[in-house]
Amino acid sequence: MRNQLLPHRNLSDEVNRNIIHSEIEGGVYLSDLLPGIRLELETEHHRYSLLNLGQGRVEICGHPHFCPGPVRVTVSGSNWGGSLLKACYLGRGMRLEFWHPSHEWVTTSRILTIRQVSGN
């Protein structure tokens with residue numbers, strides 16, 4: 001079980017608040033999902049479908065420019081619009097960040113909802 005709700009003494013109050021808020025708002029660690037699980041993420045601007053392939057890799061589609069059809073990418077995690085990243089985590093209120101084979105780093109708008117739509 002993860003113990004994410006304890007503030008870290010070496011981080012600023014703002015960073016600690018963001019980390020705790022992300023746990024309260026909800027999200028999912030990719031490493032906690034079995035390969036084959038499909039998620040749907042709705043952001044402020046698009047709806048994405050992600051198929052978990054394991055080890056931080058997903059097949060993603062839903063953006064008209066970056067992934068109109070399924071593309072295999074590596075998910076770094078989610079951020080709050082800056083450089084601080086919560087690794088391998090997809091969090092509501094946060095922005096998904098992934099490495100695209102043609103477009104390099106892609107960061108989405110804020111995630112509004114996350115739901116499992118198929119898989120184990």
# chains A, B, ... in the order shown; residues from 1 in each chain; ligands from 1
>>> select_by_dssp(residues="chain A", states="helix (DSSP H, G or I)", output="VMD selection string")
chain A and resid 13 to 25 30 to 32
>>> closest_atom_pairs(of="range 23-54 of chain A", to="range 63-87 of chain A", cutoff="9 Å", atoms="only C-alpha atoms", output="Markdown table")
| residue | atom | partner | partner_atom | distance |
| --- | --- | --- | --- | --- |
| A:Tyr29 | CA | A:Ala87 | CA | 8.3 |
| A:Leu30 | CA | A:Val75 | CA | 8.6 |
| A:His45 | CA | A:His63 | CA | 8.9 |
| A:His46 | CA | A:His63 | CA | 6.4 |
| A:Arg47 | CA | A:His63 | CA | 7.5 |
| A:Tyr48 | CA | A:His63 | CA | 7.0 |
| A:Ser49 | CA | A:Pro70 | CA | 8.6 |
| A:Leu50 | CA | A:Pro70 | CA | 8.7 |
| A:Leu53 | CA | A:Arg72 | CA | 8.8 |
>>> write_last_selection(atoms="all heavy atoms", output="PDB file, in the first residue's frame")
ATOM      1  N   TYR A  29      -2.023   4.718 -10.643  1.00  0.00           N
ATOM      2  CA  TYR A  29      -0.645   4.421 -11.016  1.00  0.00           C
ATOM      3  C   TYR A  29      -0.680   3.352 -12.095  1.00  0.00           C
ATOM      4  O   TYR A  29      -1.298   2.301 -11.898  1.00  0.00           O
ATOM      5  CB  TYR A  29       0.156   3.911  -9.816  1.00  0.00           C
ATOM      6  CG  TYR A  29       0.511   4.986  -8.830  1.00  0.00           C
ATOM      7  CD1 TYR A  29      -0.298   5.249  -7.735  1.00  0.00           C
ATOM      8  CD2 TYR A  29       1.663   5.758  -9.002  1.00  0.00           C
ATOM      9  CE1 TYR A  29       0.023   6.240  -6.824  1.00  0.00           C
ATOM     10  CE2 TYR A  29       1.989   6.753  -8.096  1.00  0.00           C
ATOM     11  CZ  TYR A  29       1.162   6.982  -7.012  1.00  0.00           C
ATOM     12  OH  TYR A  29       1.490   7.971  -6.119  1.00  0.00           O
ATOM     13  N   LEU A  30      -0.047   3.605 -13.224  1.00  0.00           N
ATOM     14  CA  LEU A  30      -0.026   2.613 -14.300  1.00  0.00           C
ATOM     15  C   LEU A  30       0.542   1.286 -13.818  1.00  0.00           C
ATOM     16  O   LEU A  30       0.089   0.226 -14.239  1.00  0.00           O
ATOM     17  CB  LEU A  30       0.801   3.119 -15.483  1.00  0.00           C
ATOM     18  CG  LEU A  30       0.101   4.066 -16.434  1.00  0.00           C
ATOM     19  CD1 LEU A  30       1.046   4.483 -17.546  1.00  0.00           C
ATOM     20  CD2 LEU A  30      -1.154   3.448 -17.011  1.00  0.00           C
ATOM     21  N   HIS A  45      -9.925  19.334 -23.125  1.00  0.00           N
ATOM     22  CA  HIS A  45     -10.107  19.523 -24.560  1.00  0.00           C
ATOM     23  C   HIS A  45     -10.368  18.257 -25.369  1.00  0.00           C
ATOM     24  O   HIS A  45     -10.887  18.349 -26.477  1.00  0.00           O
ATOM     25  CB  HIS A  45      -8.888  20.239 -25.155  1.00  0.00           C
ATOM     26  CG  HIS A  45      -8.623  21.555 -24.520  1.00  0.00           C
ATOM     27  ND1 HIS A  45      -9.475  22.635 -24.639  1.00  0.00           N
ATOM     28  CD2 HIS A  45      -7.609  21.976 -23.731  1.00  0.00           C
ATOM     29  CE1 HIS A  45      -8.989  23.656 -23.962  1.00  0.00           C
ATOM     30  NE2 HIS A  45      -7.860  23.283 -23.399  1.00  0.00           N
ATOM     31  N   HIS A  46      -9.996  17.089 -24.852  1.00  0.00           N
ATOM     32  CA  HIS A  46     -10.123  15.866 -25.649  1.00  0.00           C
ATOM     33  C   HIS A  46     -10.485  14.688 -24.754  1.00  0.00           C
ATOM     34  O   HIS A  46     -10.328  14.727 -23.536  1.00  0.00           O
ATOM     35  CB  HIS A  46      -8.808  15.555 -26.384  1.00  0.00           C
ATOM     36  CG  HIS A  46      -8.390  16.632 -27.312  1.00  0.00           C
ATOM     37  ND1 HIS A  46      -9.028  16.890 -28.498  1.00  0.00           N
ATOM     38  CD2 HIS A  46      -7.399  17.551 -27.216  1.00  0.00           C
ATOM     39  CE1 HIS A  46      -8.452  17.906 -29.107  1.00  0.00           C
ATOM     40  NE2 HIS A  46      -7.460  18.330 -28.341  1.00  0.00           N
ATOM     41  N   ARG A  47     -10.932  13.616 -25.400  1.00  0.00           N
ATOM     42  CA  ARG A  47     -11.186  12.349 -24.720  1.00  0.00           C
ATOM     43  C   ARG A  47     -10.211  11.335 -25.302  1.00  0.00           C
ATOM     44  O   ARG A  47     -10.180  11.121 -26.510  1.00  0.00           O
ATOM     45  CB  ARG A  47     -12.620  11.893 -24.944  1.00  0.00           C
ATOM     46  CG  ARG A  47     -12.897  10.560 -24.236  1.00  0.00           C
ATOM     47  CD  ARG A  47     -14.338  10.215 -24.256  1.00  0.00           C
ATOM     48  NE  ARG A  47     -15.002  11.097 -23.296  1.00  0.00           N
ATOM     49  CZ  ARG A  47     -16.282  11.398 -23.344  1.00  0.00           C
ATOM     50  NH1 ARG A  47     -17.045  10.924 -24.290  1.00  0.00           N
ATOM     51  NH2 ARG A  47     -16.819  12.181 -22.434  1.00  0.00           N
ATOM     52  N   TYR A  48      -9.418  10.705 -24.445  1.00  0.00           N
ATOM     53  CA  TYR A  48      -8.400   9.752 -24.859  1.00  0.00           C
ATOM     54  C   TYR A  48      -8.769   8.350 -24.423  1.00  0.00           C
ATOM     55  O   TYR A  48      -9.366   8.153 -23.370  1.00  0.00           O
ATOM     56  CB  TYR A  48      -7.043  10.098 -24.210  1.00  0.00           C
ATOM     57  CG  TYR A  48      -6.476  11.420 -24.621  1.00  0.00           C
ATOM     58  CD1 TYR A  48      -6.791  12.583 -23.923  1.00  0.00           C
ATOM     59  CD2 TYR A  48      -5.609  11.515 -25.701  1.00  0.00           C
ATOM     60  CE1 TYR A  48      -6.258  13.798 -24.299  1.00  0.00           C
ATOM     61  CE2 TYR A  48      -5.071  12.732 -26.084  1.00  0.00           C
ATOM     62  CZ  TYR A  48      -5.401  13.878 -25.375  1.00  0.00           C
ATOM     63  OH  TYR A  48      -4.877  15.088 -25.743  1.00  0.00           O
ATOM     64  N   SER A  49      -8.353   7.392 -25.219  1.00  0.00           N
ATOM     65  CA  SER A  49      -8.442   5.989 -24.863  1.00  0.00           C
ATOM     66  C   SER A  49      -7.011   5.488 -24.701  1.00  0.00           C
ATOM     67  O   SER A  49      -6.170   5.715 -25.583  1.00  0.00           O
ATOM     68  CB  SER A  49      -9.156   5.206 -25.958  1.00  0.00           C
ATOM     69  OG  SER A  49      -9.132   3.826 -25.656  1.00  0.00           O
ATOM     70  N   LEU A  50      -6.722   4.848 -23.559  1.00  0.00           N
ATOM     71  CA  LEU A  50      -5.390   4.311 -23.289  1.00  0.00           C
ATOM     72  C   LEU A  50      -5.495   2.821 -23.011  1.00  0.00           C
ATOM     73  O   LEU A  50      -6.276   2.401 -22.151  1.00  0.00           O
ATOM     74  CB  LEU A  50      -4.758   4.968 -22.057  1.00  0.00           C
ATOM     75  CG  LEU A  50      -4.235   6.376 -22.182  1.00  0.00           C
ATOM     76  CD1 LEU A  50      -5.362   7.379 -22.111  1.00  0.00           C
ATOM     77  CD2 LEU A  50      -3.238   6.640 -21.091  1.00  0.00           C
ATOM     78  N   LEU A  53      -0.086  -1.340 -21.799  1.00  0.00           N
ATOM     79  CA  LEU A  53       0.747  -2.406 -22.351  1.00  0.00           C
ATOM     80  C   LEU A  53       1.758  -2.911 -21.328  1.00  0.00           C
ATOM     81  O   LEU A  53       2.457  -3.880 -21.573  1.00  0.00           O
ATOM     82  CB  LEU A  53       1.479  -1.904 -23.605  1.00  0.00           C
ATOM     83  CG  LEU A  53       0.584  -1.373 -24.724  1.00  0.00           C
ATOM     84  CD1 LEU A  53       1.433  -0.773 -25.836  1.00  0.00           C
ATOM     85  CD2 LEU A  53      -0.322  -2.465 -25.244  1.00  0.00           C
TER      86      LEU A  53
END
>>> residues_around(residues="Thr113 in chain A", least_positions_apart="2", cutoff="6 Å", atoms="only C-alpha atoms", output="PDB file with all heavy atoms, in the first residue's frame")
ATOM      1  N   LEU A  41      -9.686   8.694 -20.556  1.00  0.00           N
ATOM      2  CA  LEU A  41      -9.364   9.947 -19.879  1.00  0.00           C
ATOM      3  C   LEU A  41     -10.051  11.074 -20.608  1.00  0.00           C
ATOM      4  O   LEU A  41      -9.924  11.187 -21.827  1.00  0.00           O
ATOM      5  CB  LEU A  41      -7.852  10.234 -19.934  1.00  0.00           C
ATOM      6  CG  LEU A  41      -6.977   9.739 -18.807  1.00  0.00           C
ATOM      7  CD1 LEU A  41      -6.924   8.247 -18.794  1.00  0.00           C
ATOM      8  CD2 LEU A  41      -5.615  10.339 -18.941  1.00  0.00           C
ATOM      9  N   GLU A  42     -10.765  11.886 -19.881  1.00  0.00           N
ATOM     10  CA  GLU A  42     -11.337  13.089 -20.466  1.00  0.00           C
ATOM     11  C   GLU A  42     -10.551  14.263 -19.914  1.00  0.00           C
ATOM     12  O   GLU A  42     -10.429  14.423 -18.702  1.00  0.00           O
ATOM     13  CB  GLU A  42     -12.813  13.219 -20.108  1.00  0.00           C
ATOM     14  CG  GLU A  42     -13.455  14.419 -20.765  1.00  0.00           C
ATOM     15  CD  GLU A  42     -14.930  14.532 -20.437  1.00  0.00           C
ATOM     16  OE1 GLU A  42     -15.503  13.584 -19.888  1.00  0.00           O
ATOM     17  OE2 GLU A  42     -15.488  15.601 -20.735  1.00  0.00           O
ATOM     18  N   ILE A 111      -6.649  16.744 -16.732  1.00  0.00           N
ATOM     19  CA  ILE A 111      -7.503  15.558 -16.736  1.00  0.00           C
ATOM     20  C   ILE A 111      -8.717  15.825 -15.850  1.00  0.00           C
ATOM     21  O   ILE A 111      -8.580  16.199 -14.683  1.00  0.00           O
ATOM     22  CB  ILE A 111      -6.736  14.327 -16.214  1.00  0.00           C
ATOM     23  CG1 ILE A 111      -5.538  14.015 -17.113  1.00  0.00           C
ATOM     24  CG2 ILE A 111      -7.669  13.121 -16.092  1.00  0.00           C
ATOM     25  CD1 ILE A 111      -4.578  12.987 -16.542  1.00  0.00           C
TER      26      ILE A 111
END
>>> closest_residue(among="A:Arg115, A:Arg57, A:Leu39, A:Gly62", to="Pro101 in chain A", atoms="only C-alpha atoms")
A:Arg57
>>> closest_residue(among="A:Ser102, A:Thr108, A:Gln116, A:Val58", to="Val28 in chain A", atoms="only C-alpha atoms")
A:Gln116
>>> atom_distance(atom1="CA of Gly56 in chain A", atom2="CA of Arg9 in chain A")
28.5 Å
>>> atom_distance(atom1="CA of Pro35 in chain A", atom2="CA of His103 in chain A")
24.5 Å
>>> residues_around(residues="Val117 in chain A", least_positions_apart="3", cutoff="8 Å", atoms="only C-alpha atoms", output="short mmCIF file (atom, residue, chain, number, x, y, z; two decimals) with C-alpha atoms, in the first residue's frame")
data_model
loop_
_atom_site.label_atom_id
_atom_site.label_comp_id
_atom_site.auth_asym_id
_atom_site.auth_seq_id
_atom_site.Cartn_x
_atom_site.Cartn_y
_atom_site.Cartn_z
CA ILE A 37 -6.66 -2.67 -18.99
CA ARG A 38 -8.22 0.11 -21.05
CA LEU A 39 -8.79 3.55 -19.55
CA GLU A 40 -10.71 6.52 -20.83
#
>>> atom_distance(atom1="CA of Arg92 in chain A", atom2="CA of Glu104 in chain A")
23.1 Å
>>> closest_residue(among="A:Leu51, A:Cys61, A:Leu112, A:Met94", to="Leu33 in chain A", atoms="only C-alpha atoms")
A:Leu51
>>> select_by_dssp(residues="chain A", states="strand (DSSP E)", output="ChimeraX atom specification")
/A:27-29,38-43,47-54,57-61,71-79,85-87,89-91,95-100,104-118
